[in-house]
>>> print(open('structure_38.txt').read())   # compact mmCIF, N, CA and C atoms
# COMPACT_ATOMS: atom_id res chain seq x y z
N MET A 3 330.27 -80.54 63.63
CA MET A 3 330.68 -80.05 64.94
C MET A 3 329.92 -78.77 65.25
N TRP A 4 329.42 -78.65 66.44
CA TRP A 4 328.68 -77.47 66.87
C TRP A 4 329.67 -76.38 67.28
N ILE A 5 329.37 -75.17 66.89
CA ILE A 5 330.15 -74.03 67.33
C ILE A 5 329.37 -73.38 68.47
N ILE A 6 329.93 -73.30 69.63
CA ILE A 6 329.23 -72.82 70.82
C ILE A 6 329.58 -71.35 71.04
N PRO A 7 328.56 -70.48 71.11
CA PRO A 7 328.85 -69.07 71.39
C PRO A 7 329.38 -68.89 72.80
N ARG A 8 330.27 -67.95 72.96
CA ARG A 8 330.89 -67.71 74.26
C ARG A 8 330.06 -66.75 75.11
N ASN A 9 329.15 -66.02 74.50
CA ASN A 9 328.36 -65.04 75.23
C ASN A 9 327.19 -65.71 75.92
N GLN A 10 327.02 -65.46 77.19
CA GLN A 10 325.98 -66.11 78.01
C GLN A 10 324.59 -65.85 77.46
N LYS A 11 324.30 -64.63 77.05
CA LYS A 11 322.98 -64.28 76.53
C LYS A 11 322.66 -65.10 75.28
N TYR A 12 323.62 -65.21 74.38
CA TYR A 12 323.38 -65.94 73.14
C TYR A 12 323.29 -67.44 73.38
N LEU A 13 324.05 -67.94 74.34
CA LEU A 13 323.98 -69.36 74.66
C LEU A 13 322.61 -69.71 75.22
N THR A 14 322.08 -68.84 76.07
CA THR A 14 320.74 -69.07 76.63
C THR A 14 319.70 -69.07 75.52
N LEU A 15 319.80 -68.11 74.60
CA LEU A 15 318.86 -68.07 73.48
C LEU A 15 318.99 -69.31 72.60
N LEU A 16 320.23 -69.75 72.38
CA LEU A 16 320.46 -70.95 71.58
C LEU A 16 319.83 -72.16 72.24
N LEU A 17 319.98 -72.30 73.54
CA LEU A 17 319.39 -73.44 74.25
C LEU A 17 317.87 -73.43 74.15
N ARG A 18 317.29 -72.25 74.28
CA ARG A 18 315.83 -72.16 74.18
C ARG A 18 315.36 -72.51 72.78
N LEU A 19 316.10 -72.04 71.75
CA LEU A 19 315.74 -72.35 70.37
C LEU A 19 315.83 -73.86 70.12
N ILE A 20 316.88 -74.49 70.60
CA ILE A 20 317.03 -75.94 70.44
C ILE A 20 315.88 -76.66 71.13
N ALA A 21 315.53 -76.24 72.33
CA ALA A 21 314.43 -76.88 73.06
C ALA A 21 313.12 -76.75 72.31
N VAL A 22 312.85 -75.57 71.75
CA VAL A 22 311.61 -75.36 70.99
C VAL A 22 311.57 -76.27 69.77
N ILE A 23 312.67 -76.35 69.05
CA ILE A 23 312.72 -77.19 67.84
C ILE A 23 312.53 -78.66 68.20
N VAL A 24 313.22 -79.12 69.23
CA VAL A 24 313.11 -80.53 69.64
C VAL A 24 311.69 -80.86 70.05
N PHE A 25 311.08 -80.02 70.88
CA PHE A 25 309.74 -80.33 71.34
C PHE A 25 308.70 -80.17 70.25
N ALA A 26 308.93 -79.25 69.31
CA ALA A 26 308.00 -79.13 68.19
C ALA A 26 308.01 -80.43 67.38
N ARG A 27 309.20 -80.98 67.16
CA ARG A 27 309.31 -82.23 66.40
C ARG A 27 308.71 -83.42 67.17
N LEU A 28 308.85 -83.41 68.50
CA LEU A 28 308.38 -84.54 69.29
C LEU A 28 306.88 -84.55 69.51
N PHE A 29 306.28 -83.38 69.69
CA PHE A 29 304.93 -83.34 70.20
C PHE A 29 303.86 -82.83 69.25
N ILE A 30 304.22 -82.34 68.10
CA ILE A 30 303.20 -81.80 67.21
C ILE A 30 303.12 -82.69 65.97
N THR A 31 301.97 -83.25 65.75
CA THR A 31 301.72 -84.05 64.56
C THR A 31 300.44 -83.55 63.91
N VAL A 32 300.34 -83.74 62.62
CA VAL A 32 299.15 -83.28 61.91
C VAL A 32 298.05 -84.32 62.04
N MET A 33 296.86 -83.88 62.42
CA MET A 33 295.73 -84.78 62.59
C MET A 33 294.99 -84.90 61.25
N PRO A 34 294.83 -86.11 60.72
CA PRO A 34 294.10 -86.25 59.47
C PRO A 34 292.62 -85.91 59.67
N SER A 35 292.05 -85.27 58.68
CA SER A 35 290.66 -84.85 58.78
C SER A 35 289.79 -85.74 57.89
N LYS A 36 288.59 -86.10 58.37
CA LYS A 36 287.66 -86.89 57.57
C LYS A 36 286.86 -86.00 56.63
N LYS A 37 286.77 -84.72 56.99
CA LYS A 37 286.05 -83.76 56.16
C LYS A 37 287.05 -82.99 55.31
N PRO A 38 286.60 -82.47 54.18
CA PRO A 38 287.52 -81.64 53.39
C PRO A 38 287.91 -80.39 54.20
N VAL A 39 289.15 -80.01 54.10
CA VAL A 39 289.62 -78.83 54.81
C VAL A 39 289.22 -77.60 54.02
N VAL A 40 288.48 -76.71 54.69
CA VAL A 40 288.00 -75.51 54.03
C VAL A 40 289.01 -74.37 54.18
N SER A 41 289.73 -74.35 55.29
CA SER A 41 290.70 -73.28 55.51
C SER A 41 292.12 -73.83 55.40
N ASN A 42 293.06 -72.93 55.42
CA ASN A 42 294.47 -73.32 55.38
C ASN A 42 295.01 -73.65 56.76
N GLU A 43 294.20 -73.52 57.79
CA GLU A 43 294.64 -73.75 59.17
C GLU A 43 294.91 -75.24 59.39
N LYS A 44 296.08 -75.54 59.94
CA LYS A 44 296.42 -76.94 60.24
C LYS A 44 295.89 -77.29 61.62
N HIS A 45 295.35 -78.47 61.74
CA HIS A 45 294.85 -78.95 63.03
C HIS A 45 295.91 -79.88 63.62
N THR A 46 296.33 -79.59 64.85
CA THR A 46 297.35 -80.40 65.48
C THR A 46 296.86 -80.92 66.82
N PHE A 47 297.47 -81.99 67.27
CA PHE A 47 297.14 -82.54 68.57
C PHE A 47 298.36 -83.26 69.11
N HIS A 48 298.33 -83.55 70.37
CA HIS A 48 299.39 -84.32 71.00
C HIS A 48 298.95 -85.77 71.05
N SER A 49 299.81 -86.67 70.62
CA SER A 49 299.44 -88.08 70.54
C SER A 49 299.30 -88.74 71.91
N GLY A 50 299.88 -88.15 72.96
CA GLY A 50 299.79 -88.74 74.29
C GLY A 50 300.84 -89.80 74.56
N ARG A 51 301.60 -90.18 73.55
CA ARG A 51 302.65 -91.18 73.74
C ARG A 51 303.95 -90.50 74.13
N ARG A 52 304.70 -91.16 74.99
CA ARG A 52 306.00 -90.63 75.41
C ARG A 52 307.06 -91.13 74.45
N SER A 53 307.76 -90.21 73.82
CA SER A 53 308.86 -90.57 72.93
C SER A 53 310.08 -90.95 73.74
N ASN A 54 310.95 -91.72 73.14
CA ASN A 54 312.21 -92.07 73.77
C ASN A 54 313.17 -90.91 73.51
N ALA A 55 313.32 -90.02 74.49
CA ALA A 55 314.08 -88.78 74.27
C ALA A 55 314.71 -88.30 75.56
N ALA A 56 315.53 -87.28 75.43
CA ALA A 56 316.13 -86.59 76.57
C ALA A 56 316.27 -85.12 76.20
N ILE A 57 316.34 -84.27 77.20
CA ILE A 57 316.54 -82.84 76.98
C ILE A 57 318.02 -82.57 77.25
N VAL A 58 318.72 -82.03 76.25
CA VAL A 58 320.15 -81.80 76.34
C VAL A 58 320.41 -80.29 76.43
N SER A 59 321.20 -79.88 77.42
CA SER A 59 321.50 -78.46 77.62
C SER A 59 323.00 -78.24 77.70
N LEU A 60 323.50 -77.34 76.86
CA LEU A 60 324.88 -76.90 76.94
C LEU A 60 324.90 -75.65 77.82
N CYS A 61 325.57 -75.71 78.95
CA CYS A 61 325.55 -74.57 79.86
C CYS A 61 326.77 -74.58 80.76
N ARG A 62 326.97 -73.44 81.41
CA ARG A 62 328.10 -73.30 82.34
C ARG A 62 327.57 -73.02 83.74
N ASN A 63 328.41 -73.18 84.73
CA ASN A 63 328.03 -72.91 86.11
C ASN A 63 327.53 -71.48 86.28
N SER A 64 328.14 -70.54 85.58
CA SER A 64 327.78 -69.13 85.70
C SER A 64 326.39 -68.84 85.14
N GLU A 65 325.82 -69.75 84.39
CA GLU A 65 324.50 -69.56 83.78
C GLU A 65 323.38 -70.26 84.56
N LEU A 66 323.65 -70.56 85.81
CA LEU A 66 322.70 -71.32 86.62
C LEU A 66 321.32 -70.70 86.67
N TYR A 67 321.23 -69.41 86.97
CA TYR A 67 319.91 -68.80 87.16
C TYR A 67 319.16 -68.63 85.85
N GLU A 68 319.86 -68.36 84.76
CA GLU A 68 319.21 -68.31 83.45
C GLU A 68 318.72 -69.71 83.06
N MET A 69 319.54 -70.72 83.36
CA MET A 69 319.16 -72.10 83.06
C MET A 69 317.97 -72.51 83.90
N ALA A 70 317.92 -72.07 85.15
CA ALA A 70 316.79 -72.40 86.02
C ALA A 70 315.49 -71.87 85.44
N GLY A 71 315.52 -70.66 84.87
CA GLY A 71 314.33 -70.11 84.23
C GLY A 71 313.90 -70.92 83.02
N SER A 72 314.87 -71.34 82.21
CA SER A 72 314.56 -72.16 81.03
C SER A 72 314.00 -73.52 81.45
N ILE A 73 314.60 -74.12 82.47
CA ILE A 73 314.10 -75.41 82.97
C ILE A 73 312.66 -75.27 83.43
N ARG A 74 312.38 -74.23 84.20
CA ARG A 74 311.04 -74.02 84.73
C ARG A 74 310.02 -73.91 83.60
N GLN A 75 310.36 -73.17 82.54
CA GLN A 75 309.44 -73.02 81.41
C GLN A 75 309.17 -74.35 80.73
N ILE A 76 310.21 -75.12 80.46
CA ILE A 76 310.03 -76.41 79.78
C ILE A 76 309.29 -77.39 80.68
N GLU A 77 309.63 -77.42 81.95
CA GLU A 77 308.95 -78.32 82.88
C GLU A 77 307.47 -77.97 83.00
N ASP A 78 307.16 -76.68 83.14
CA ASP A 78 305.76 -76.26 83.31
C ASP A 78 304.91 -76.54 82.08
N ARG A 79 305.49 -76.43 80.90
CA ARG A 79 304.71 -76.56 79.68
C ARG A 79 304.67 -77.98 79.12
N VAL A 80 305.75 -78.72 79.29
CA VAL A 80 305.83 -80.02 78.61
C VAL A 80 306.28 -81.16 79.52
N ASN A 81 307.43 -81.00 80.13
CA ASN A 81 308.08 -82.15 80.75
C ASN A 81 307.40 -82.63 82.03
N LYS A 82 306.55 -81.83 82.64
CA LYS A 82 305.85 -82.29 83.84
C LYS A 82 304.98 -83.51 83.54
N ASN A 83 304.58 -83.65 82.28
CA ASN A 83 303.74 -84.79 81.89
C ASN A 83 304.54 -86.01 81.45
N PHE A 84 305.81 -85.82 81.10
CA PHE A 84 306.58 -86.92 80.51
C PHE A 84 307.82 -87.31 81.30
N ASN A 85 308.32 -86.43 82.13
CA ASN A 85 309.50 -86.72 82.96
C ASN A 85 310.71 -87.18 82.15
N TYR A 86 310.98 -86.48 81.05
CA TYR A 86 312.17 -86.80 80.26
C TYR A 86 313.42 -86.50 81.08
N PRO A 87 314.46 -87.30 80.91
CA PRO A 87 315.72 -87.00 81.60
C PRO A 87 316.38 -85.75 81.01
N TRP A 88 317.11 -85.06 81.84
CA TRP A 88 317.89 -83.89 81.41
C TRP A 88 319.36 -84.28 81.39
N VAL A 89 320.08 -83.86 80.34
CA VAL A 89 321.52 -84.06 80.25
C VAL A 89 322.15 -82.67 80.18
N PHE A 90 322.98 -82.35 81.15
CA PHE A 90 323.66 -81.06 81.21
C PHE A 90 325.12 -81.26 80.81
N LEU A 91 325.58 -80.47 79.84
CA LEU A 91 326.95 -80.57 79.35
C LEU A 91 327.68 -79.26 79.63
N ASN A 92 328.95 -79.36 80.00
CA ASN A 92 329.75 -78.20 80.37
C ASN A 92 331.19 -78.46 79.95
N ASP A 93 332.01 -77.41 79.89
CA ASP A 93 333.42 -77.59 79.58
C ASP A 93 334.29 -77.71 80.84
N GLU A 94 333.66 -77.64 82.01
CA GLU A 94 334.35 -77.83 83.29
C GLU A 94 333.39 -78.53 84.24
N PRO A 95 333.86 -79.09 85.34
CA PRO A 95 332.96 -79.79 86.26
C PRO A 95 331.87 -78.86 86.80
N PHE A 96 330.67 -79.40 86.94
CA PHE A 96 329.55 -78.61 87.47
C PHE A 96 329.74 -78.40 88.97
N SER A 97 329.31 -77.24 89.44
CA SER A 97 329.39 -76.94 90.88
C SER A 97 328.29 -77.69 91.62
N GLU A 98 328.49 -77.87 92.91
CA GLU A 98 327.47 -78.53 93.74
C GLU A 98 326.17 -77.74 93.72
N GLU A 99 326.28 -76.40 93.70
CA GLU A 99 325.09 -75.54 93.66
C GLU A 99 324.31 -75.79 92.37
N PHE A 100 325.02 -75.87 91.24
CA PHE A 100 324.36 -76.11 89.96
C PHE A 100 323.64 -77.46 89.97
N ILE A 101 324.34 -78.48 90.43
CA ILE A 101 323.76 -79.83 90.45
C ILE A 101 322.54 -79.90 91.37
N SER A 102 322.65 -79.33 92.56
CA SER A 102 321.53 -79.43 93.49
C SER A 102 320.32 -78.63 93.02
N MET A 103 320.54 -77.43 92.45
CA MET A 103 319.41 -76.62 92.01
C MET A 103 318.73 -77.24 90.79
N THR A 104 319.50 -77.65 89.79
CA THR A 104 318.89 -78.22 88.59
C THR A 104 318.21 -79.55 88.89
N SER A 105 318.80 -80.35 89.75
CA SER A 105 318.17 -81.63 90.12
C SER A 105 316.83 -81.41 90.80
N ALA A 106 316.74 -80.35 91.60
CA ALA A 106 315.49 -80.05 92.30
C ALA A 106 314.41 -79.53 91.35
N LEU A 107 314.81 -78.89 90.25
CA LEU A 107 313.84 -78.27 89.35
C LEU A 107 313.23 -79.23 88.33
N VAL A 108 313.97 -80.27 87.95
CA VAL A 108 313.49 -81.14 86.88
C VAL A 108 312.64 -82.28 87.43
N SER A 109 311.72 -82.76 86.59
CA SER A 109 310.83 -83.84 87.02
C SER A 109 311.42 -85.22 86.75
N GLY A 110 312.35 -85.31 85.82
CA GLY A 110 312.96 -86.59 85.49
C GLY A 110 314.37 -86.68 86.05
N PRO A 111 315.08 -87.74 85.71
CA PRO A 111 316.46 -87.90 86.18
C PRO A 111 317.40 -86.90 85.51
N THR A 112 318.56 -86.66 86.11
CA THR A 112 319.55 -85.74 85.54
C THR A 112 320.88 -86.44 85.36
N GLU A 113 321.61 -86.04 84.33
CA GLU A 113 322.97 -86.51 84.07
C GLU A 113 323.83 -85.27 83.84
N TYR A 114 325.07 -85.31 84.31
CA TYR A 114 325.99 -84.19 84.15
C TYR A 114 327.27 -84.72 83.51
N ALA A 115 327.73 -84.06 82.44
CA ALA A 115 328.92 -84.53 81.74
C ALA A 115 329.79 -83.35 81.33
N ILE A 116 331.06 -83.64 81.13
CA ILE A 116 332.02 -82.63 80.69
C ILE A 116 332.36 -82.88 79.23
N ILE A 117 332.29 -81.83 78.43
CA ILE A 117 332.70 -81.91 77.04
C ILE A 117 334.19 -81.62 76.99
N PRO A 118 334.99 -82.48 76.37
CA PRO A 118 336.43 -82.22 76.30
C PRO A 118 336.72 -80.89 75.59
N HIS A 119 337.80 -80.24 76.01
CA HIS A 119 338.17 -78.94 75.44
C HIS A 119 338.28 -79.01 73.92
N ALA A 120 338.78 -80.11 73.41
CA ALA A 120 338.94 -80.26 71.96
C ALA A 120 337.60 -80.21 71.22
N HIS A 121 336.52 -80.60 71.88
CA HIS A 121 335.20 -80.57 71.25
C HIS A 121 334.49 -79.25 71.47
N TRP A 122 334.93 -78.46 72.45
CA TRP A 122 334.25 -77.23 72.84
C TRP A 122 334.82 -76.03 72.08
N SER A 123 336.01 -76.14 71.55
CA SER A 123 336.67 -74.99 70.93
C SER A 123 336.99 -75.29 69.47
N TYR A 124 337.76 -74.41 68.86
CA TYR A 124 338.15 -74.61 67.47
C TYR A 124 338.95 -75.90 67.32
N PRO A 125 338.73 -76.65 66.22
CA PRO A 125 339.56 -77.83 65.96
C PRO A 125 340.99 -77.39 65.62
N GLU A 126 341.94 -78.31 65.75
CA GLU A 126 343.35 -78.02 65.49
C GLU A 126 343.60 -77.50 64.08
N TRP A 127 342.85 -78.02 63.11
CA TRP A 127 343.12 -77.71 61.71
C TRP A 127 342.61 -76.33 61.29
N VAL A 128 341.88 -75.63 62.15
CA VAL A 128 341.37 -74.31 61.81
C VAL A 128 342.48 -73.27 61.99
N ASP A 129 342.67 -72.44 60.97
CA ASP A 129 343.62 -71.34 61.03
C ASP A 129 342.99 -70.23 61.86
N LEU A 130 343.45 -70.06 63.09
CA LEU A 130 342.85 -69.10 64.01
C LEU A 130 342.96 -67.66 63.51
N GLN A 131 344.06 -67.33 62.83
CA GLN A 131 344.21 -65.98 62.29
C GLN A 131 343.17 -65.72 61.20
N LYS A 132 342.96 -66.70 60.33
CA LYS A 132 341.97 -66.56 59.26
C LYS A 132 340.55 -66.48 59.86
N ALA A 133 340.29 -67.26 60.90
CA ALA A 133 338.98 -67.21 61.56
C ALA A 133 338.75 -65.84 62.19
N LYS A 134 339.80 -65.26 62.80
CA LYS A 134 339.67 -63.93 63.39
C LYS A 134 339.39 -62.90 62.30
N GLU A 135 340.07 -63.02 61.17
CA GLU A 135 339.83 -62.09 60.06
C GLU A 135 338.39 -62.21 59.56
N GLY A 136 337.87 -63.42 59.51
CA GLY A 136 336.48 -63.63 59.10
C GLY A 136 335.50 -63.00 60.08
N ARG A 137 335.75 -63.16 61.38
CA ARG A 137 334.90 -62.52 62.39
C ARG A 137 334.95 -61.01 62.29
N ASP A 138 336.18 -60.48 62.09
CA ASP A 138 336.34 -59.03 61.96
C ASP A 138 335.60 -58.50 60.73
N ALA A 139 335.64 -59.26 59.63
CA ALA A 139 334.94 -58.84 58.41
C ALA A 139 333.43 -58.81 58.63
N LEU A 140 332.91 -59.81 59.34
CA LEU A 140 331.47 -59.81 59.64
C LEU A 140 331.10 -58.64 60.54
N GLU A 141 331.96 -58.37 61.51
CA GLU A 141 331.69 -57.25 62.42
C GLU A 141 331.72 -55.93 61.66
N ALA A 142 332.67 -55.78 60.73
CA ALA A 142 332.76 -54.55 59.93
C ALA A 142 331.51 -54.35 59.07
N LYS A 143 330.91 -55.45 58.63
CA LYS A 143 329.68 -55.37 57.82
C LYS A 143 328.44 -55.23 58.70
N ARG A 144 328.66 -55.18 60.02
CA ARG A 144 327.58 -55.04 61.00
C ARG A 144 326.57 -56.18 60.91
N ILE A 145 327.07 -57.38 60.69
CA ILE A 145 326.21 -58.56 60.63
C ILE A 145 325.89 -58.96 62.06
N ILE A 146 324.62 -59.09 62.35
CA ILE A 146 324.17 -59.36 63.71
C ILE A 146 324.69 -60.72 64.18
N TYR A 147 325.09 -60.78 65.43
CA TYR A 147 325.61 -62.00 66.07
C TYR A 147 326.84 -62.55 65.35
N GLU A 148 327.67 -61.67 64.82
CA GLU A 148 328.80 -62.12 64.02
C GLU A 148 329.72 -63.08 64.77
N LEU A 149 329.87 -62.91 66.06
CA LEU A 149 330.79 -63.78 66.80
C LEU A 149 330.21 -65.15 67.07
N THR A 150 328.90 -65.32 66.96
CA THR A 150 328.31 -66.62 67.25
C THR A 150 328.39 -67.56 66.05
N TYR A 151 328.79 -67.06 64.91
CA TYR A 151 328.91 -67.93 63.73
C TYR A 151 330.24 -68.65 63.71
N HIS A 152 331.17 -68.28 64.57
CA HIS A 152 332.50 -68.88 64.54
C HIS A 152 332.87 -69.44 65.88
>>> encode(input="structure_38.txt", output="structure tokens")
Amino acid sequence: MWIIPRNQKYLTLLLRLIAVIVFARLFITVMPSKKPVVSNEKHTFHSGRRSNAAIVSLCRNSELYEMAGSIRQIEDRVNKNFNYPWVFLNDEPFSEEFISMTSALVSGPTEYAIIPHAHWSYPEWVDLQKAKEGRDALEAKRIIYELTYH
């Protein structure tokens, strides 16, 4: 189960990190060399084939403009050539403004879905008091992003 950070800044960073990892796995392959490799530099290329994939974004209505910036970056660099569909997930219904703006920005089709509250928050079996104590302990140790781990 994914633990979703509640802070908008961290959620935006998380979405960008996920997008980078997904696209790195999809589009970068090692090109075999016929000559012996003299350096440690890896040679990569894009195969030109479209993978069967979609771009999935966890976001809220309040993050529309940050999401628009992320969409623009991914579309400009990668998706303009492949038109992958975008799937937007939220814990509440998307606003008309969110739907119209994101639909206009992406090159492929869009889907919008609601994640049930039970999947978006702590599971029933988690002791919330113990989880709070764990977060407080991380904060006391000054561990960076302590609240995003829970």
>>> select_by_dssp(input="structure_38.txt", residues="segment 69-138 of chain A", states="strand (DSSP E or B)", output="ChimeraX atom specification")
/A:88-92,112-116
>>> residues_around(input="structure_38.txt", residues="segment 55-60 of chain A", least_positions_apart="6", cutoff="5 Å", atoms="all atoms listed in the file", output="list in words")
Pro87, Trp88, Val89, Phe90 and Leu91 of chain A
>>> write_last_selection(input="structure_38.txt", atoms="N, CA and C atoms", output="CSV table (one decimal), in the coordinates of the input")
chain,number,residue,atom,x,y,z
A,87,PRO,N,314.5,-87.3,80.9
A,87,PRO,CA,315.7,-87.0,81.6
A,87,PRO,C,316.4,-85.8,81.0
A,88,TRP,N,317.1,-85.1,81.8
A,88,TRP,CA,317.9,-83.9,81.4
A,88,TRP,C,319.4,-84.3,81.4
A,89,VAL,N,320.1,-83.9,80.3
A,89,VAL,CA,321.5,-84.1,80.2
A,89,VAL,C,322.2,-82.7,80.2
A,90,PHE,N,323.0,-82.4,81.2
A,90,PHE,CA,323.7,-81.1,81.2
A,90,PHE,C,325.1,-81.3,80.8
A,91,LEU,N,325.6,-80.5,79.8
A,91,LEU,CA,327.0,-80.6,79.4
A,91,LEU,C,327.7,-79.3,79.6
>>> atom_distance(input="structure_38.txt", atom1="atom N of Thr14 of chain A", atom2="atom CA of Ala70 of chain A")
11.8 Å
>>> atom_distance(input="structure_38.txt", atom1="atom C of Gly110 of chain A", atom2="atom C of Asn81 of chain A")
9.0 Å
>>> residues_around(input="structure_38.txt", residues="segment 93-104 of chain A", least_positions_apart="3", cutoff="8 Å", atoms="all atoms listed in the file", output="PyMOL selection string")
chain A and resi 60-64+66-67+69-70+73+90+107-109+112+114-119+122
